[in-house]
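Trainee: start28.pdb is reproduced in full below (PDB, C-alpha atoms and all ligand atoms).
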MODEL        1
ATOM      1  CA  MET A 903    -168.192  24.055  63.462
ATOM      2  CA  LYS A 904    -166.802  26.128  60.617
ATOM      3  CA  ARG A 905    -168.698  29.294  59.818
ATOM      4  CA  GLY A 906    -168.103  31.353  56.715
ATOM      5  CA  ARG A 907    -169.810  34.378  55.305
ATOM      6  CA  PHE A 908    -170.411  36.469  52.250
ATOM      7  CA  ALA A 909    -170.708  40.147  53.088
ATOM      8  CA  PRO A 910    -171.686  42.252  50.082
ATOM      9  CA  THR A 911    -172.135  46.007  50.145
ATOM     10  CA  PRO A 912    -175.456  46.837  48.488
ATOM     11  CA  SER A 913    -174.183  49.891  46.655
ATOM     12  CA  GLY A 914    -173.992  48.181  43.274
ATOM     13  CA  GLN A 915    -175.159  45.101  41.431
ATOM     14  CA  LEU A 916    -173.337  41.800  41.809
ATOM     15  CA  HIS A 917    -170.845  41.303  39.014
ATOM     16  CA  LEU A 918    -168.911  38.192  38.123
ATOM     17  CA  GLY A 919    -166.102  39.106  40.519
ATOM     18  CA  ASN A 920    -168.429  39.299  43.527
ATOM     19  CA  ALA A 921    -170.319  36.215  42.376
ATOM     20  CA  ARG A 922    -167.017  34.323  42.180
ATOM     21  CA  THR A 923    -166.210  35.346  45.770
ATOM     22  CA  ALA A 924    -169.659  34.271  46.951
ATOM     23  CA  LEU A 925    -169.339  30.936  45.149
ATOM     24  CA  LEU A 926    -165.926  30.164  46.666
ATOM     25  CA  ALA A 927    -166.997  31.188  50.187
ATOM     26  CA  TRP A 928    -170.068  28.977  49.825
ATOM     27  CA  LEU A 929    -168.100  26.012  48.435
ATOM     28  CA  ASP A 930    -165.503  26.358  51.177
ATOM     29  CA  MET A 931    -168.246  25.928  53.791
ATOM     30  CA  ARG A 932    -170.498  23.454  52.007
ATOM     31  CA  SER A 933    -167.585  21.149  51.171
ATOM     32  CA  GLN A 934    -166.683  20.934  54.862
ATOM     33  CA  GLY A 935    -170.154  20.764  56.392
ATOM     34  CA  GLY A 936    -169.784  24.341  57.609
ATOM     35  CA  GLN A 937    -172.426  27.025  57.997
ATOM     36  CA  MET A 938    -172.859  29.947  55.673
ATOM     37  CA  VAL A 939    -173.906  33.433  56.753
ATOM     38  CA  LEU A 940    -175.038  36.240  54.467
ATOM     39  CA  ARG A 941    -174.490  39.719  55.900
ATOM     40  CA  MET A 942    -175.479  42.947  54.171
ATOM     41  CA  GLU A 943    -172.820  45.578  54.744
ATOM     42  CA  ASP A 944    -175.002  48.632  54.404
ATOM     43  CA  ILE A 945    -173.353  50.653  57.138
ATOM     44  CA  ASP A 946    -172.628  53.456  54.696
ATOM     45  CA  LYS A 947    -176.302  54.269  54.371
ATOM     46  CA  PRO A 948    -175.955  57.104  51.864
ATOM     47  CA  ARG A 949    -174.281  54.652  49.455
ATOM     48  CA  SER A 950    -176.485  51.625  50.126
ATOM     49  CA  ARG A 951    -179.832  50.867  48.527
ATOM     50  CA  PRO A 952    -182.352  48.355  49.890
ATOM     51  CA  GLU A 953    -183.479  47.352  46.405
ATOM     52  CA  LEU A 954    -179.892  46.379  45.579
ATOM     53  CA  ALA A 955    -179.730  44.237  48.729
ATOM     54  CA  ALA A 956    -182.887  42.435  47.580
ATOM     55  CA  GLN A 957    -181.444  41.976  44.107
ATOM     56  CA  ILE A 958    -178.155  40.600  45.457
ATOM     57  CA  MET A 959    -180.046  37.961  47.454
ATOM     58  CA  ASP A 960    -182.129  37.102  44.423
ATOM     59  CA  ASP A 961    -179.026  36.792  42.220
ATOM     60  CA  LEU A 962    -177.271  34.554  44.763
ATOM     61  CA  ARG A 963    -180.266  32.236  44.995
ATOM     62  CA  TRP A 964    -180.479  32.156  41.216
ATOM     63  CA  LEU A 965    -176.842  31.008  41.141
ATOM     64  CA  GLY A 966    -177.822  28.111  43.396
ATOM     65  CA  LEU A 967    -176.199  29.408  46.582
ATOM     66  CA  ASP A 968    -177.928  29.346  49.951
ATOM     67  CA  TRP A 969    -177.225  30.478  53.490
ATOM     68  CA  ASP A 970    -178.117  29.249  56.952
ATOM     69  CA  GLU A 971    -178.462  32.734  58.426
ATOM     70  CA  GLY A 972    -179.007  36.050  56.727
ATOM     71  CA  PRO A 973    -181.232  39.088  56.358
ATOM     72  CA  ASP A 974    -184.117  36.833  55.303
ATOM     73  CA  VAL A 975    -183.306  33.789  57.496
ATOM     74  CA  ALA A 976    -183.329  34.503  61.213
ATOM     75  CA  GLY A 977    -180.513  33.063  63.284
ATOM     76  CA  PRO A 978    -178.853  33.542  66.658
ATOM     77  CA  TYR A 979    -177.039  36.738  65.644
ATOM     78  CA  VAL A 980    -179.821  38.863  64.184
ATOM     79  CA  PRO A 981    -179.881  41.273  62.526
ATOM     80  CA  TYR A 982    -177.719  40.258  59.574
ATOM     81  CA  VAL A 983    -177.792  43.776  58.220
ATOM     82  CA  GLN A 984    -175.145  46.214  59.432
ATOM     83  CA  SER A 985    -177.506  49.191  59.615
ATOM     84  CA  GLY A 986    -179.267  47.365  62.467
ATOM     85  CA  ARG A 987    -176.090  46.635  64.429
ATOM     86  CA  GLU A 988    -174.819  50.115  65.200
ATOM     87  CA  GLU A 989    -174.993  49.701  68.970
ATOM     88  CA  LEU A 990    -172.439  46.903  68.805
ATOM     89  CA  TYR A 991    -170.061  49.088  66.812
ATOM     90  CA  GLU A 992    -170.546  51.996  69.200
ATOM     91  CA  ASP A 993    -169.738  49.727  72.160
ATOM     92  CA  ALA A 994    -166.524  48.566  70.528
ATOM     93  CA  PHE A 995    -165.698  52.155  69.597
ATOM     94  CA  ALA A 996    -166.207  53.278  73.206
ATOM     95  CA  ARG A 997    -163.976  50.469  74.493
ATOM     96  CA  LEU A 998    -161.176  51.304  72.095
ATOM     97  CA  LEU A 999    -161.478  54.991  72.956
ATOM     98  CA  ALA A1000    -161.402  54.286  76.692
ATOM     99  CA  ASP A1001    -158.333  52.058  76.186
ATOM    100  CA  GLY A1002    -156.481  54.884  74.451
ATOM    101  CA  ARG A1003    -156.343  53.052  71.098
ATOM    102  CA  LEU A1004    -158.028  55.860  69.126
ATOM    103  CA  TYR A1005    -157.317  59.510  68.506
ATOM    104  CA  PRO A1006    -159.313  62.314  66.920
ATOM    105  CA  CYS A1007    -158.138  63.403  63.474
ATOM    106  CA  TYR A1008    -158.854  66.921  62.279
ATOM    107  CA  CYS A1009    -157.215  66.695  58.883
ATOM    108  CA  SER A1010    -159.346  68.171  56.130
ATOM    109  CA  ARG A1011    -160.123  66.379  52.911
ATOM    110  CA  ALA A1012    -157.704  68.701  51.110
ATOM    111  CA  GLU A1013    -154.935  67.875  53.581
ATOM    112  CA  LEU A1014    -155.600  64.165  53.178
ATOM    113  CA  LEU A1015    -155.534  64.519  49.406
ATOM    114  CA  SER A1016    -152.227  66.325  49.485
ATOM    115  CA  MET A1017    -150.858  63.428  51.517
ATOM    116  CA  ALA A1018    -151.742  61.225  48.563
ATOM    117  CA  SER A1019    -148.743  62.611  46.713
ATOM    118  CA  ALA A1020    -146.434  62.206  49.701
ATOM    119  CA  PRO A1021    -144.199  59.121  49.784
ATOM    120  CA  HIS A1022    -146.116  57.067  52.350
ATOM    121  CA  GLY A1023    -147.726  54.687  49.902
ATOM    122  CA  ILE A1024    -151.272  53.807  49.031
ATOM    123  CA  ALA A1025    -153.461  51.211  50.732
ATOM    124  CA  SER A1026    -156.722  49.919  49.270
ATOM    125  CA  GLU A1027    -158.648  52.492  51.266
ATOM    126  CA  GLY A1028    -156.529  55.385  49.990
ATOM    127  CA  PRO A1029    -153.281  57.071  50.871
ATOM    128  CA  VAL A1030    -151.490  55.865  53.966
ATOM    129  CA  TYR A1031    -152.094  58.342  56.767
ATOM    130  CA  PRO A1032    -148.772  59.622  58.110
ATOM    131  CA  GLY A1033    -150.095  60.031  61.661
ATOM    132  CA  THR A1034    -150.323  63.833  61.611
ATOM    133  CA  CYS A1035    -152.928  64.083  64.404
ATOM    134  CA  ARG A1036    -151.590  61.206  66.480
ATOM    135  CA  SER A1037    -149.450  63.331  68.737
ATOM    136  CA  LEU A1038    -151.418  66.586  68.981
ATOM    137  CA  SER A1039    -151.277  68.100  72.451
ATOM    138  CA  ALA A1040    -154.491  68.381  74.471
ATOM    139  CA  ALA A1041    -154.481  72.136  73.908
ATOM    140  CA  GLU A1042    -154.063  71.699  70.169
ATOM    141  CA  ARG A1043    -156.905  69.169  70.077
ATOM    142  CA  GLU A1044    -159.134  71.599  71.888
ATOM    143  CA  ARG A1045    -158.280  74.372  69.480
ATOM    144  CA  ARG A1046    -158.936  72.172  66.430
ATOM    145  CA  ALA A1047    -162.145  70.744  67.917
ATOM    146  CA  ALA A1048    -163.646  74.222  68.066
ATOM    147  CA  ALA A1049    -163.432  74.430  64.289
ATOM    148  CA  LYS A1050    -164.099  70.893  63.093
ATOM    149  CA  LYS A1051    -165.736  67.653  64.082
ATOM    150  CA  PRO A1052    -163.027  65.000  64.044
ATOM    151  CA  SER A1053    -162.930  61.546  62.590
ATOM    152  CA  TYR A1054    -161.373  58.915  64.860
ATOM    153  CA  ARG A1055    -158.401  56.826  63.862
ATOM    154  CA  PHE A1056    -157.076  53.613  65.292
ATOM    155  CA  ALA A1057    -153.403  53.906  66.260
ATOM    156  CA  MET A1058    -151.669  50.893  64.707
ATOM    157  CA  PRO A1059    -149.431  49.099  67.202
ATOM    158  CA  ALA A1060    -145.639  49.198  67.067
ATOM    159  CA  HIS A1061    -145.396  45.516  66.099
ATOM    160  CA  GLY A1062    -146.043  43.815  62.780
ATOM    161  CA  PHE A1063    -148.382  40.898  62.032
ATOM    162  CA  HIS A1064    -147.581  37.428  60.762
ATOM    163  CA  TYR A1065    -150.447  35.355  59.490
ATOM    164  CA  ASN A1066    -151.184  32.548  57.133
ATOM    165  CA  ASP A1067    -153.591  33.228  54.308
ATOM    166  CA  ALA A1068    -155.362  30.093  53.070
ATOM    167  CA  VAL A1069    -154.845  31.155  49.450
ATOM    168  CA  CYS A1070    -151.940  33.621  49.458
ATOM    169  CA  GLY A1071    -149.769  31.738  51.955
ATOM    170  CA  ARG A1072    -147.590  33.239  54.656
ATOM    171  CA  GLN A1073    -147.938  36.975  55.069
ATOM    172  CA  TYR A1074    -146.091  39.538  57.084
ATOM    173  CA  ALA A1075    -147.257  43.105  57.577
ATOM    174  CA  PRO A1076    -144.536  45.319  59.064
ATOM    175  CA  PRO A1077    -145.312  47.645  62.006
ATOM    176  CA  GLY A1078    -147.883  50.288  61.132
ATOM    177  CA  ALA A1079    -148.669  48.703  57.748
ATOM    178  CA  GLY A1080    -151.286  50.771  55.968
ATOM    179  CA  GLY A1081    -151.132  53.560  58.555
ATOM    180  CA  ASP A1082    -153.648  54.594  61.204
ATOM    181  CA  PHE A1083    -157.125  54.142  59.779
ATOM    182  CA  VAL A1084    -160.514  55.721  60.376
ATOM    183  CA  VAL A1085    -162.888  53.808  62.641
ATOM    184  CA  ARG A1086    -165.472  56.576  62.794
ATOM    185  CA  ARG A1087    -165.899  59.246  60.189
ATOM    186  CA  ALA A1088    -166.573  62.866  61.091
ATOM    187  CA  ASP A1089    -170.210  62.322  60.027
ATOM    188  CA  GLY A1090    -170.479  59.575  62.659
ATOM    189  CA  ILE A1091    -170.486  56.613  60.275
ATOM    190  CA  ILE A1092    -168.456  53.686  61.628
ATOM    191  CA  GLY A1093    -165.712  52.554  59.264
ATOM    192  CA  TYR A1094    -165.685  49.243  57.412
ATOM    193  CA  GLN A1095    -162.721  47.834  59.352
ATOM    194  CA  LEU A1096    -164.317  48.150  62.758
ATOM    195  CA  ALA A1097    -167.792  47.043  61.672
ATOM    196  CA  VAL A1098    -166.505  43.951  59.884
ATOM    197  CA  VAL A1099    -164.370  42.846  62.845
ATOM    198  CA  VAL A1100    -167.174  43.388  65.356
ATOM    199  CA  ASP A1101    -169.590  41.457  63.140
ATOM    200  CA  ASP A1102    -167.324  38.580  62.202
ATOM    201  CA  ALA A1103    -166.443  38.092  65.876
ATOM    202  CA  ALA A1104    -170.032  38.457  67.129
ATOM    203  CA  MET A1105    -171.338  36.062  64.476
ATOM    204  CA  GLY A1106    -168.751  33.404  65.307
ATOM    205  CA  ILE A1107    -167.211  33.508  61.827
ATOM    206  CA  THR A1108    -164.221  31.160  61.710
ATOM    207  CA  ASP A1109    -163.297  31.609  58.031
ATOM    208  CA  VAL A1110    -163.222  34.891  56.161
ATOM    209  CA  LEU A1111    -162.958  34.442  52.400
ATOM    210  CA  ARG A1112    -163.005  37.576  50.259
ATOM    211  CA  GLY A1113    -161.399  39.303  47.306
ATOM    212  CA  HIS A1114    -157.702  40.032  47.091
ATOM    213  CA  ASP A1115    -158.422  43.762  47.119
ATOM    214  CA  LEU A1116    -159.010  43.411  50.874
ATOM    215  CA  LEU A1117    -155.725  41.664  51.629
ATOM    216  CA  ASP A1118    -154.190  44.872  52.920
ATOM    217  CA  SER A1119    -157.122  45.371  55.294
ATOM    218  CA  THR A1120    -156.138  42.208  57.109
ATOM    219  CA  PRO A1121    -153.361  43.656  59.336
ATOM    220  CA  ARG A1122    -155.742  46.435  60.336
ATOM    221  CA  GLN A1123    -158.353  43.894  61.263
ATOM    222  CA  LEU A1124    -155.845  41.727  63.094
ATOM    223  CA  ALA A1125    -154.853  44.822  65.086
ATOM    224  CA  LEU A1126    -158.521  45.397  65.964
ATOM    225  CA  TYR A1127    -159.064  41.765  67.008
ATOM    226  CA  GLU A1128    -156.023  42.095  69.233
ATOM    227  CA  ALA A1129    -157.109  45.421  70.748
ATOM    228  CA  LEU A1130    -160.613  44.101  71.426
ATOM    229  CA  GLY A1131    -159.325  40.810  72.840
ATOM    230  CA  LEU A1132    -161.162  38.762  70.205
ATOM    231  CA  PRO A1133    -159.957  35.635  68.381
ATOM    232  CA  ALA A1134    -159.154  36.300  64.721
ATOM    233  CA  PRO A1135    -160.617  34.075  61.996
ATOM    234  CA  ARG A1136    -158.657  32.311  59.272
ATOM    235  CA  PHE A1137    -158.364  34.544  56.209
ATOM    236  CA  ALA A1138    -158.432  33.529  52.550
ATOM    237  CA  HIS A1139    -158.029  36.168  49.841
ATOM    238  CA  VAL A1140    -159.077  34.969  46.426
ATOM    239  CA  PRO A1141    -157.540  36.442  43.252
ATOM    240  CA  LEU A1142    -158.860  39.502  41.533
ATOM    241  CA  VAL A1143    -161.007  38.913  38.478
ATOM    242  CA  LEU A1144    -159.701  40.942  35.565
ATOM    243  CA  ALA A1145    -161.574  41.801  32.408
ATOM    244  CA  ALA A1146    -160.236  40.487  29.075
ATOM    245  CA  ASP A1147    -158.316  43.762  28.652
ATOM    246  CA  GLY A1148    -156.421  43.026  31.869
ATOM    247  CA  GLU A1149    -158.166  45.826  33.772
ATOM    248  CA  ARG A1150    -159.729  45.149  37.111
ATOM    249  CA  LEU A1151    -163.392  44.238  36.724
ATOM    250  CA  ALA A1152    -165.094  47.482  37.574
ATOM    251  CA  LYS A1153    -168.232  49.512  37.043
ATOM    252  CA  ARG A1154    -167.050  50.145  33.481
ATOM    253  CA  HIS A1155    -167.371  46.441  32.666
ATOM    254  CA  GLY A1156    -170.125  46.044  35.200
ATOM    255  CA  SER A1157    -173.058  46.413  32.890
ATOM    256  CA  ALA A1158    -171.864  43.549  30.686
ATOM    257  CA  PHE A1159    -170.740  41.393  33.568
ATOM    258  CA  SER A1160    -173.430  42.050  36.142
ATOM    259  CA  LEU A1161    -175.536  39.030  36.997
ATOM    260  CA  ALA A1162    -178.581  41.127  36.179
ATOM    261  CA  ALA A1163    -177.309  41.664  32.624
ATOM    262  CA  LEU A1164    -176.450  37.985  32.179
ATOM    263  CA  ARG A1165    -179.860  36.955  33.472
ATOM    264  CA  ALA A1166    -181.530  39.440  31.166
ATOM    265  CA  ALA A1167    -179.543  38.002  28.259
ATOM    266  CA  GLY A1168    -180.974  34.562  29.066
ATOM    267  CA  THR A1169    -177.745  33.010  30.380
ATOM    268  CA  ALA A1170    -178.418  29.960  32.562
ATOM    269  CA  PRO A1171    -177.052  30.012  36.129
ATOM    270  CA  GLU A1172    -175.149  26.756  35.507
ATOM    271  CA  ARG A1173    -173.288  28.524  32.737
ATOM    272  CA  VAL A1174    -172.279  31.370  35.061
ATOM    273  CA  VAL A1175    -171.186  28.904  37.748
ATOM    274  CA  GLY A1176    -169.303  26.844  35.139
ATOM    275  CA  ALA A1177    -167.476  29.942  33.895
ATOM    276  CA  LEU A1178    -166.556  30.986  37.450
ATOM    277  CA  ALA A1179    -165.418  27.464  38.344
ATOM    278  CA  PHE A1180    -163.270  27.295  35.208
ATOM    279  CA  LEU A1181    -161.823  30.723  35.982
ATOM    280  CA  CYS A1182    -160.798  29.541  39.451
ATOM    281  CA  GLY A1183    -159.280  26.231  38.416
ATOM    282  CA  LEU A1184    -162.091  24.083  39.844
ATOM    283  CA  ILE A1185    -162.907  22.425  36.515
ATOM    284  CA  ASP A1186    -160.690  21.787  33.471
ATOM    285  CA  LYS A1187    -163.292  22.296  30.795
ATOM    286  CA  LEU A1188    -165.543  25.272  30.196
ATOM    287  CA  GLN A1189    -168.973  23.761  30.682
ATOM    288  CA  PRO A1190    -172.222  24.461  32.534
ATOM    289  CA  VAL A1191    -172.304  23.046  36.053
ATOM    290  CA  PRO A1192    -174.704  23.485  38.995
ATOM    291  CA  ALA A1193    -173.042  24.950  42.109
ATOM    292  CA  ARG A1194    -173.965  21.951  44.282
ATOM    293  CA  GLU A1195    -171.976  19.624  42.006
ATOM    294  CA  LEU A1196    -168.778  21.477  42.816
ATOM    295  CA  THR A1197    -168.760  20.776  46.552
ATOM    296  CA  ALA A1198    -167.295  17.258  46.211
ATOM    297  CA  GLY A1199    -163.545  17.542  46.043
ATOM    298  CA  PHE A1200    -163.492  21.298  46.530
ATOM    299  CA  THR A1201    -160.370  22.668  48.164
ATOM    300  CA  LEU A1202    -158.925  26.155  48.299
ATOM    301  CA  ALA A1203    -155.645  24.628  47.131
ATOM    302  CA  LEU A1204    -157.170  24.587  43.617
ATOM    303  CA  VAL A1205    -157.646  28.353  43.606
ATOM    304  CA  PRO A1206    -154.789  30.255  41.950
ATOM    305  CA  ARG A1207    -152.984  33.068  43.773
ATOM    306  CA  GLU A1208    -152.548  35.196  40.685
ATOM    307  CA  PRO A1209    -155.319  37.370  39.220
ATOM    308  CA  VAL A1210    -157.592  35.509  36.833
ATOM    309  CA  ARG A1211    -158.815  36.861  33.530
ATOM    310  CA  LEU A1212    -162.237  36.754  31.939
ATOM    311  CA  THR A1213    -160.996  35.821  28.508
ATOM    312  CA  ASN A1214    -163.012  36.367  25.359
ATOM    313  CA  GLU A1215    -163.564  32.602  25.275
ATOM    314  CA  ILE A1216    -165.267  32.767  28.678
ATOM    315  CA  ALA A1217    -167.239  35.853  27.685
ATOM    316  CA  ARG A1218    -168.502  34.054  24.559
ATOM    317  CA  PHE A1219    -169.406  30.994  26.618
ATOM    318  CA  LEU A1220    -171.428  33.207  28.952
ATOM    319  CA  ILE A1221    -173.512  34.850  26.311
ATOM    320  CA  SER A1222    -173.863  32.090  23.733
TER     321      SER A1222
HETATM  322  N1  LIG B1301    -168.472  44.506  52.286
HETATM  323  C1  LIG B1301    -167.176  44.347  51.707
HETATM  324  C2  LIG B1301    -167.252  44.511  50.223
HETATM  325  O1  LIG B1301    -168.293  44.340  49.638
HETATM  326  C3  LIG B1301    -166.581  42.975  51.960
HETATM  327  C4  LIG B1301    -166.179  42.803  53.357
HETATM  328  C5  LIG B1301    -165.397  41.561  53.653
HETATM  329  O2  LIG B1301    -165.613  40.536  53.007
HETATM  330  O3  LIG B1301    -164.606  41.627  54.596
HETATM  331  O4  LIG B1301    -166.247  44.846  49.618
ENDMDL
END
Translate this structure into structure tokens?
Ligand code: GLU
Mentor:
Amino acid sequence: MKRGRFAPTPSGQLHLGNARTALLAWLDMRSQGGQMVLRMEDIDKPRSRPELAAQIMDDLRWLGLDWDEGPDVAGPYVPYVQSGREELYEDAFARLLADGRLYPCYCSRAELLSMASAPHGIASEGPVYPGTCRSLSAAERERRAAAKKPSYRFAMPAHGFHYNDAVCGRQYAPPGAGGDFVVRRADGIIGYQLAVVVDDAAMGITDVLRGHDLLDSTPRQLALYEALGLPAPRFAHVPLVLAADGERLAKRHGSAFSLAALRAAGTAPERVVGALAFLCGLIDKLQPVPARELTAGFTLALVPREPVRLTNEIARFLIS
């Protein structure tokens, strides 16, 4: 049985980009008789707000999407909220630590920032870490530990990763792609990469569909699946949604393109779904359509690889 998920972070309102991702993940499952899971990724508690989680669920339902398991629908893998799953992450963390896959990192924020200008490249989570603390001697670690609580980084393996993305096609990440990444911050918060892998594996997720901005997280996650001895899901990274000005849809556009704003403006959900479906090549004509009518004939092959743009025509359609 195929199992997909939508895993929003409740630190902001859903905008059209997130809604598009949710719609495609839902269609991918519903068109194949698969199950859909909704998981709230509120592991970064200082940034997450329960009222936003409630609003996200309300917005998704309003769009006509549903889920078989989620924060409000009990299932075999409760809870479906990351803040309630910390023990699982700590177990995985302890295993990786015991297996020698992690190392403490004492670099300060200032040091990390200065690395941003060094020629190691930038990954979606920030500058690529050059491995400064990877080979500290035991004595050096002890000396640094007296002054600072460390974060813990996962040491990327010496081999690269080949995988097939259901939208982007064949991918190859060379050895160390993205650099060694943080699995536990100095304040104790478990990093996104580890939490998402532990959860997707524990919840039996077979198909991970998410935004293209997370494509470069995939080798990191594949490395974690490998280190934890877990089977990796199939990945599908759907194109970024750009605003009409060609900029990435962001907070700046958020107020106009949040579902809350569209709802407040009286836009019907079928209109939002129609606009998203048109944007992703699922329908040829810009017209209102209920989500459930898109399941017949849905295939990820229809979804373009290139970023898609919320043209003025689509914007007008949404608020007319
Ligand atoms: N929680 C992540 C986000 O909102 C998505 C995680 C994922 O789909 O892997 O960006």
Trainee: Collect all residues with atoms no farther than 6 Å from ligand LIG 1301 (chain B), counting all atoms listed in the file, and output them as a short mmCIF file (atom, residue, chain, number, x, y, z; two decimals) with C-alpha atoms, keeping the file's coordinate frame.
Mentor:
data_model
loop_
_atom_site.label_atom_id
_atom_site.label_comp_id
_atom_site.auth_asym_id
_atom_site.auth_seq_id
_atom_site.Cartn_x
_atom_site.Cartn_y
_atom_site.Cartn_z
CA ALA A 909 -170.71 40.15 53.09
CA PRO A 910 -171.69 42.25 50.08
CA THR A 911 -172.14 46.01 50.14
CA GLU A 943 -172.82 45.58 54.74
CA ARG A 1112 -163.00 37.58 50.26
#
Trainee: How many Å separate atom CA of A:Pro973 from atom CA of A:Arg941?
Mentor: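 Computing the Euclidean distance for atom CA of A:Pro973 and atom CA of A:Arg941 yields 6.8 Å.
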Trainee: Name the residues within 12 Å of (-169.8, 24.3, 47.8), counting only C-alpha atoms in the file's coordinates, and put them as a ChimeraX atom specification.
Mentor: /A:906,922-938,965-969,1175,1179,1184,1192-1202
Trainee: Keeping C-alpha atoms for every residue in the selection just given, could you write it to a file as a PDB file, in the frame of the given file?
Mentor:
ATOM      1  CA  GLY A 906    -168.103  31.353  56.715  1.00  0.00           C
ATOM      2  CA  ARG A 922    -167.017  34.323  42.180  1.00  0.00           C
ATOM      3  CA  THR A 923    -166.210  35.346  45.770  1.00  0.00           C
ATOM      4  CA  ALA A 924    -169.659  34.271  46.951  1.00  0.00           C
ATOM      5  CA  LEU A 925    -169.339  30.936  45.149  1.00  0.00           C
ATOM      6  CA  LEU A 926    -165.926  30.164  46.666  1.00  0.00           C
ATOM      7  CA  ALA A 927    -166.997  31.188  50.187  1.00  0.00           C
ATOM      8  CA  TRP A 928    -170.068  28.977  49.825  1.00  0.00           C
ATOM      9  CA  LEU A 929    -168.100  26.012  48.435  1.00  0.00           C
ATOM     10  CA  ASP A 930    -165.503  26.358  51.177  1.00  0.00           C
ATOM     11  CA  MET A 931    -168.246  25.928  53.791  1.00  0.00           C
ATOM     12  CA  ARG A 932    -170.498  23.454  52.007  1.00  0.00           C
ATOM     13  CA  SER A 933    -167.585  21.149  51.171  1.00  0.00           C
ATOM     14  CA  GLN A 934    -166.683  20.934  54.862  1.00  0.00           C
ATOM     15  CA  GLY A 935    -170.154  20.764  56.392  1.00  0.00           C
ATOM     16  CA  GLY A 936    -169.784  24.341  57.609  1.00  0.00           C
ATOM     17  CA  GLN A 937    -172.426  27.025  57.997  1.00  0.00           C
ATOM     18  CA  MET A 938    -172.859  29.947  55.673  1.00  0.00           C
ATOM     19  CA  LEU A 965    -176.842  31.008  41.141  1.00  0.00           C
ATOM     20  CA  GLY A 966    -177.822  28.111  43.396  1.00  0.00           C
ATOM     21  CA  LEU A 967    -176.199  29.408  46.582  1.00  0.00           C
ATOM     22  CA  ASP A 968    -177.928  29.346  49.951  1.00  0.00           C
ATOM     23  CA  TRP A 969    -177.225  30.478  53.490  1.00  0.00           C
ATOM     24  CA  VAL A1175    -171.186  28.904  37.748  1.00  0.00           C
ATOM     25  CA  ALA A1179    -165.418  27.464  38.344  1.00  0.00           C
ATOM     26  CA  LEU A1184    -162.091  24.083  39.844  1.00  0.00           C
ATOM     27  CA  PRO A1192    -174.704  23.485  38.995  1.00  0.00           C
ATOM     28  CA  ALA A1193    -173.042  24.950  42.109  1.00  0.00           C
ATOM     29  CA  ARG A1194    -173.965  21.951  44.282  1.00  0.00           C
ATOM     30  CA  GLU A1195    -171.976  19.624  42.006  1.00  0.00           C
ATOM     31  CA  LEU A1196    -168.778  21.477  42.816  1.00  0.00           C
ATOM     32  CA  THR A1197    -168.760  20.776  46.552  1.00  0.00           C
ATOM     33  CA  ALA A1198    -167.295  17.258  46.211  1.00  0.00           C
ATOM     34  CA  GLY A1199    -163.545  17.542  46.043  1.00  0.00           C
ATOM     35  CA  PHE A1200    -163.492  21.298  46.530  1.00  0.00           C
ATOM     36  CA  THR A1201    -160.370  22.668  48.164  1.00  0.00           C
ATOM     37  CA  LEU A1202    -158.925  26.155  48.299  1.00  0.00           C
TER      38      LEU A1202
END
Trainee: Please, what distance in Å, to one decimal, runs between atom CA of A:Arg1055 and atom CA of A:Leu1096?
Mentor: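 Result for atom CA of A:Arg1055 versus atom CA of A:Leu1096: 10.6 Å, one decimal.
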Trainee: Considering only C-alpha atoms, can you say which of A:His1139, A:Leu1014, A:Val1098, A:Val1069 comes closest to A:Arg987?
Mentor: A:Val1098
Trainee: Place a sphere of radius 12 Å on (-182.1, 34.2, 31.4) in the file coordinates and name every protein, DNA or RNA residue with an atom inside or on its surface, counting only C-alpha atoms; give the answer as a PyMOL selection string.
Mentor: chain A and resi 961+964-965+1161-1174+1220-1222
Trainee: Would you kindly translate the PyMOL selection byres (((chain A and resi 1082) around 9) and not hetatm) into the concrete residues it picks from this file, as a VMD selection string?
Mentor: chain A and resid 1030 to 1033 1036 1055 to 1058 1078 to 1081 1083 to 1084 1122
Trainee: What does the structure give for the distance between atom CA of A:Arg1211 and atom CA of A:Leu1178, in Å to one decimal?
Mentor: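 Atom CA of A:Leu1178 lies 10.5 Å from atom CA of A:Arg1211.
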Trainee: Counting all atoms listed in the file, which of A:Glu953, A:Glu988, A:Asp1001, A:Asp1102 gets nearest to A:Leu1130?
Mentor: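 Looking at the shortest contact to A:Leu1130, the residue is A:Asp1001.
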Trainee: For this file, the PyMOL selection byres (((chain A and resi 991) around 10) and not hetatm) selects which residues, as an mmCIF file with C-alpha atoms, keeping the file's coordinate frame?
Mentor:
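out-v6.cif, freshly written:
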data_model
loop_
_atom_site.group_PDB
_atom_site.id
_atom_site.type_symbol
_atom_site.label_atom_id
_atom_site.label_comp_id
_atom_site.auth_asym_id
_atom_site.auth_seq_id
_atom_site.Cartn_x
_atom_site.Cartn_y
_atom_site.Cartn_z
ATOM 1 C CA GLN A 984 -175.145 46.214 59.432
ATOM 2 C CA ARG A 987 -176.090 46.635 64.429
ATOM 3 C CA GLU A 988 -174.819 50.115 65.200
ATOM 4 C CA GLU A 989 -174.993 49.701 68.970
ATOM 5 C CA LEU A 990 -172.439 46.903 68.805
ATOM 6 C CA GLU A 992 -170.546 51.996 69.200
ATOM 7 C CA ASP A 993 -169.738 49.727 72.160
ATOM 8 C CA ALA A 994 -166.524 48.566 70.528
ATOM 9 C CA PHE A 995 -165.698 52.155 69.597
ATOM 10 C CA ALA A 996 -166.207 53.278 73.206
ATOM 11 C CA ARG A 997 -163.976 50.469 74.493
ATOM 12 C CA VAL A 1085 -162.888 53.808 62.641
ATOM 13 C CA ARG A 1086 -165.472 56.576 62.794
ATOM 14 C CA ILE A 1091 -170.486 56.613 60.275
ATOM 15 C CA ILE A 1092 -168.456 53.686 61.628
ATOM 16 C CA GLY A 1093 -165.712 52.554 59.264
ATOM 17 C CA LEU A 1096 -164.317 48.150 62.758
ATOM 18 C CA ALA A 1097 -167.792 47.043 61.672
ATOM 19 C CA VAL A 1098 -166.505 43.951 59.884
ATOM 20 C CA VAL A 1099 -164.370 42.846 62.845
ATOM 21 C CA VAL A 1100 -167.174 43.388 65.356
ATOM 22 C CA ASP A 1101 -169.590 41.457 63.140
#
